[in-house]
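Visitor: Before I ask anything, here is the structure I am working with.
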Amino acid sequence: MTQAVDLLAIAAHRDDVELTCGGTLAKAVQAGHRVGILDLTQGESGTRGDAATRAAEAERAAKVLGVTLRLNAGLADAYLQNDDPSRARLVELIRSTRPRVVILPFPIGRHPDHRVASELGRDACYLAGLAKYGPPGAEQPHRPFKVLYALAYREDPVKPSFVVDITDVFETKMSAIRCYASQFAGAKAAGEIHPTGQDLYELIRVQSAHYGSLIRARYGEPFFCYETIEVQDVVTLGVQSL
Ligand SMILES: [Zn+2]
């Protein structure tokens, strides 16, 4: 059970989680939670860099964020499928890491891998809890309690269910992103981030500032979840209305 984490971020490519929820992961680490990252592919089909370079970069970024675990499912980059073998592989990794909360990519995206990762991740979270799913002698069933979707950079008319204030860890997020020099040095766009002509790092800062402004904070990361968020005491609610 040494691989067990409280929070697991699952995404298609190395660098995806840094871009969409790196601040949230760093903040969870600071709060004392065990945090893991599961990259589904090794980035062998990426236009920039190669799989070995990206592996080294991902290791450095994981250290910057302070996560305890970074796993790779070894699925095919640019060919991600929500099929039986892929679900079985994810179920195995979810059962071995036993997260309470899982962060997935948003179900809509430019890159087909991002969309598939979202659906594949959700299905695997469910299947991991089925006692009779998988080979005999497999790890104990485990179903994550909560599934969240990282909403950063999406332009679909979906309002975030909530925004995490990442002001205090924003430089940590940026340091983790800067580990991916093979992907981002001199880049004007990445993944779901469309180019505006300005430097990619500045673009990420501007976007993070926008999400932060939604909760009257300097920097934020937005999330969506299908369930309604529970509140126990309306008197302590944050974010000024008027
Ligand atoms: Zn990606």
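Letters for chains follow the order of the structure tokens (A, B, ...), residue numbers begin at 1 for each chain, and ligand numbers begin at 1 in the order shown.
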Could you give me the residues within 10 Å of ligand 1, counting only C-alpha atoms and all ligand atoms, as a VMD selection string?

Guide: chain A and resid 11 to 17 19 to 20 39 to 41 43 46 77 to 78 105 109 to 115 117 190 to 192

Visitor: Hey, what's within 8 Å of His210 of chain A if we count only C-alpha atoms and toss same-chain stuff fewer than 3 positions away? As a ChimeraX atom specification, please?

Guide: /A:206-207,213-214,219-220

Visitor: At what distance in Å, to one decimal, does atom CA of Leu8 of chain A lie from atom CA of Leu127 of chain A?

Guide: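 One can read the atom CA of Leu127 of chain A to atom CA of Leu8 of chain A distance as 16.3 Å.
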
Visitor: If DSSP is run on the backbone, what residues of segment 94-226 of chain A are strand (DSSP E)? A reply as a ChimeraX atom specification would be ideal.

Guide: /A:101-105,146-150,162-165,220-224

Visitor: Distance atom CA of Ala138 of chain A-atom CA of Val116 of chain A, one decimal place?

Guide: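 A separation of 24.9 Å between them.
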
Visitor: Leaving out Arg216 of chain A and any residue of its chain fewer than 2 positions from it, which residues lie within 12 Å of it when counting only C-alpha atoms, given as number ranges by chain?

Guide: A: 163-167, 209-214, 218-220, 238-242

Visitor: What's the 9 Å shell around Tyr126 of chain A, counting only C-alpha atoms, without same-chain residues fewer than 2 positions away, as a PyMOL selection string?

Guide: chain A and resi 91+121-124+128-130+142-144

Visitor: List as JSON, numbers by chain the protein and nucleic acid residues near segment 156-162 of chain A, meaning an atom at most 10 Å away when only C-alpha atoms are counted, but skip any in the same chain fewer than 2 places from it.

Guide: {"A": [108, 109, 148, 149, 150, 151, 152, 153, 154, 164, 165, 211, 214, 215, 220, 221, 222, 223, 224, 225, 226, 227, 228, 229]}

Visitor: For the helix (DSSP H, G or I) assignment from backbone DSSP, which residues of segment 88-234 of chain A qualify? Please present them as a PyMOL selection string.

Guide: chain A and resi 88-97+112-127+167-178+181-184+200-213+234

Visitor: When distances are computed from only C-alpha atoms, which of A:Val5, A:Ser45, A:Ile103, A:Ala56 shows the smallest separation from Tyr79 of chain A?

Guide: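 Among the listed residues, A:Ser45 lies closest to Tyr79 of chain A.
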
Visitor: Taking into account only C-alpha atoms, which residue in the set A:Glu92, A:Lys132, A:Met174, A:Lys27 is nearest to Arg205 of chain A?

Guide: A:Met174

Visitor: Could you jot down the atom CA of Arg34 of chain A to atom CA of Ala131 of chain A separation for me, Å, one decimal place?

Guide: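 For atom CA of Arg34 of chain A relative to atom CA of Ala131 of chain A, the distance reads 25.1 Å.
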
Visitor: Set the distance at 10 Å and use only C-alpha atoms: which residues neighbour Arg54 of chain A once local chain neighbours fewer than 2 positions away are removed? I'd like the list as a list in words.

Guide: His13, Arg14, Asp15, Gln42, Gly43, Glu44, Gly46, Arg48, Gly49, Asp50, Ala51, Ala52, Ala56, Glu57, Ala58, Glu59, Arg60, Cys179, Tyr180, Ala181, Ser182 and Gln183 of chain A

Visitor: Taking C-alpha atoms for each residue, export the selection above as a PDB file, in the first residue's frame.

Guide:
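Listing of selection-v9.pdb after writing:
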ATOM      1  CA  HIS A  13       0.410  13.489 -21.796  1.00  0.00           C
ATOM      2  CA  ARG A  14       3.298  14.441 -19.569  1.00  0.00           C
ATOM      3  CA  ASP A  15       2.894  18.201 -18.941  1.00  0.00           C
ATOM      4  CA  GLN A  42       4.942   8.577 -22.941  1.00  0.00           C
ATOM      5  CA  GLY A  43       4.681  11.393 -25.474  1.00  0.00           C
ATOM      6  CA  GLU A  44       6.329   9.446 -28.277  1.00  0.00           C
ATOM      7  CA  GLY A  46       4.684  14.665 -29.799  1.00  0.00           C
ATOM      8  CA  ARG A  48       8.653  18.447 -30.044  1.00  0.00           C
ATOM      9  CA  GLY A  49      11.139  16.410 -27.988  1.00  0.00           C
ATOM     10  CA  ASP A  50      11.142  12.628 -27.589  1.00  0.00           C
ATOM     11  CA  ALA A  51       9.832  10.177 -24.987  1.00  0.00           C
ATOM     12  CA  ALA A  52      13.149   9.944 -23.073  1.00  0.00           C
ATOM     13  CA  ALA A  56      13.302  13.293 -17.522  1.00  0.00           C
ATOM     14  CA  GLU A  57      11.357  16.556 -17.694  1.00  0.00           C
ATOM     15  CA  ALA A  58       8.313  14.938 -16.065  1.00  0.00           C
ATOM     16  CA  GLU A  59      10.453  13.618 -13.206  1.00  0.00           C
ATOM     17  CA  ARG A  60      11.865  17.088 -12.560  1.00  0.00           C
ATOM     18  CA  CYS A 179      10.766  21.941 -16.600  1.00  0.00           C
ATOM     19  CA  TYR A 180       9.348  21.054 -20.033  1.00  0.00           C
ATOM     20  CA  ALA A 181      11.830  23.069 -22.058  1.00  0.00           C
ATOM     21  CA  SER A 182      11.615  20.563 -24.953  1.00  0.00           C
ATOM     22  CA  GLN A 183       7.915  21.356 -25.243  1.00  0.00           C
TER      23      GLN A 183
END
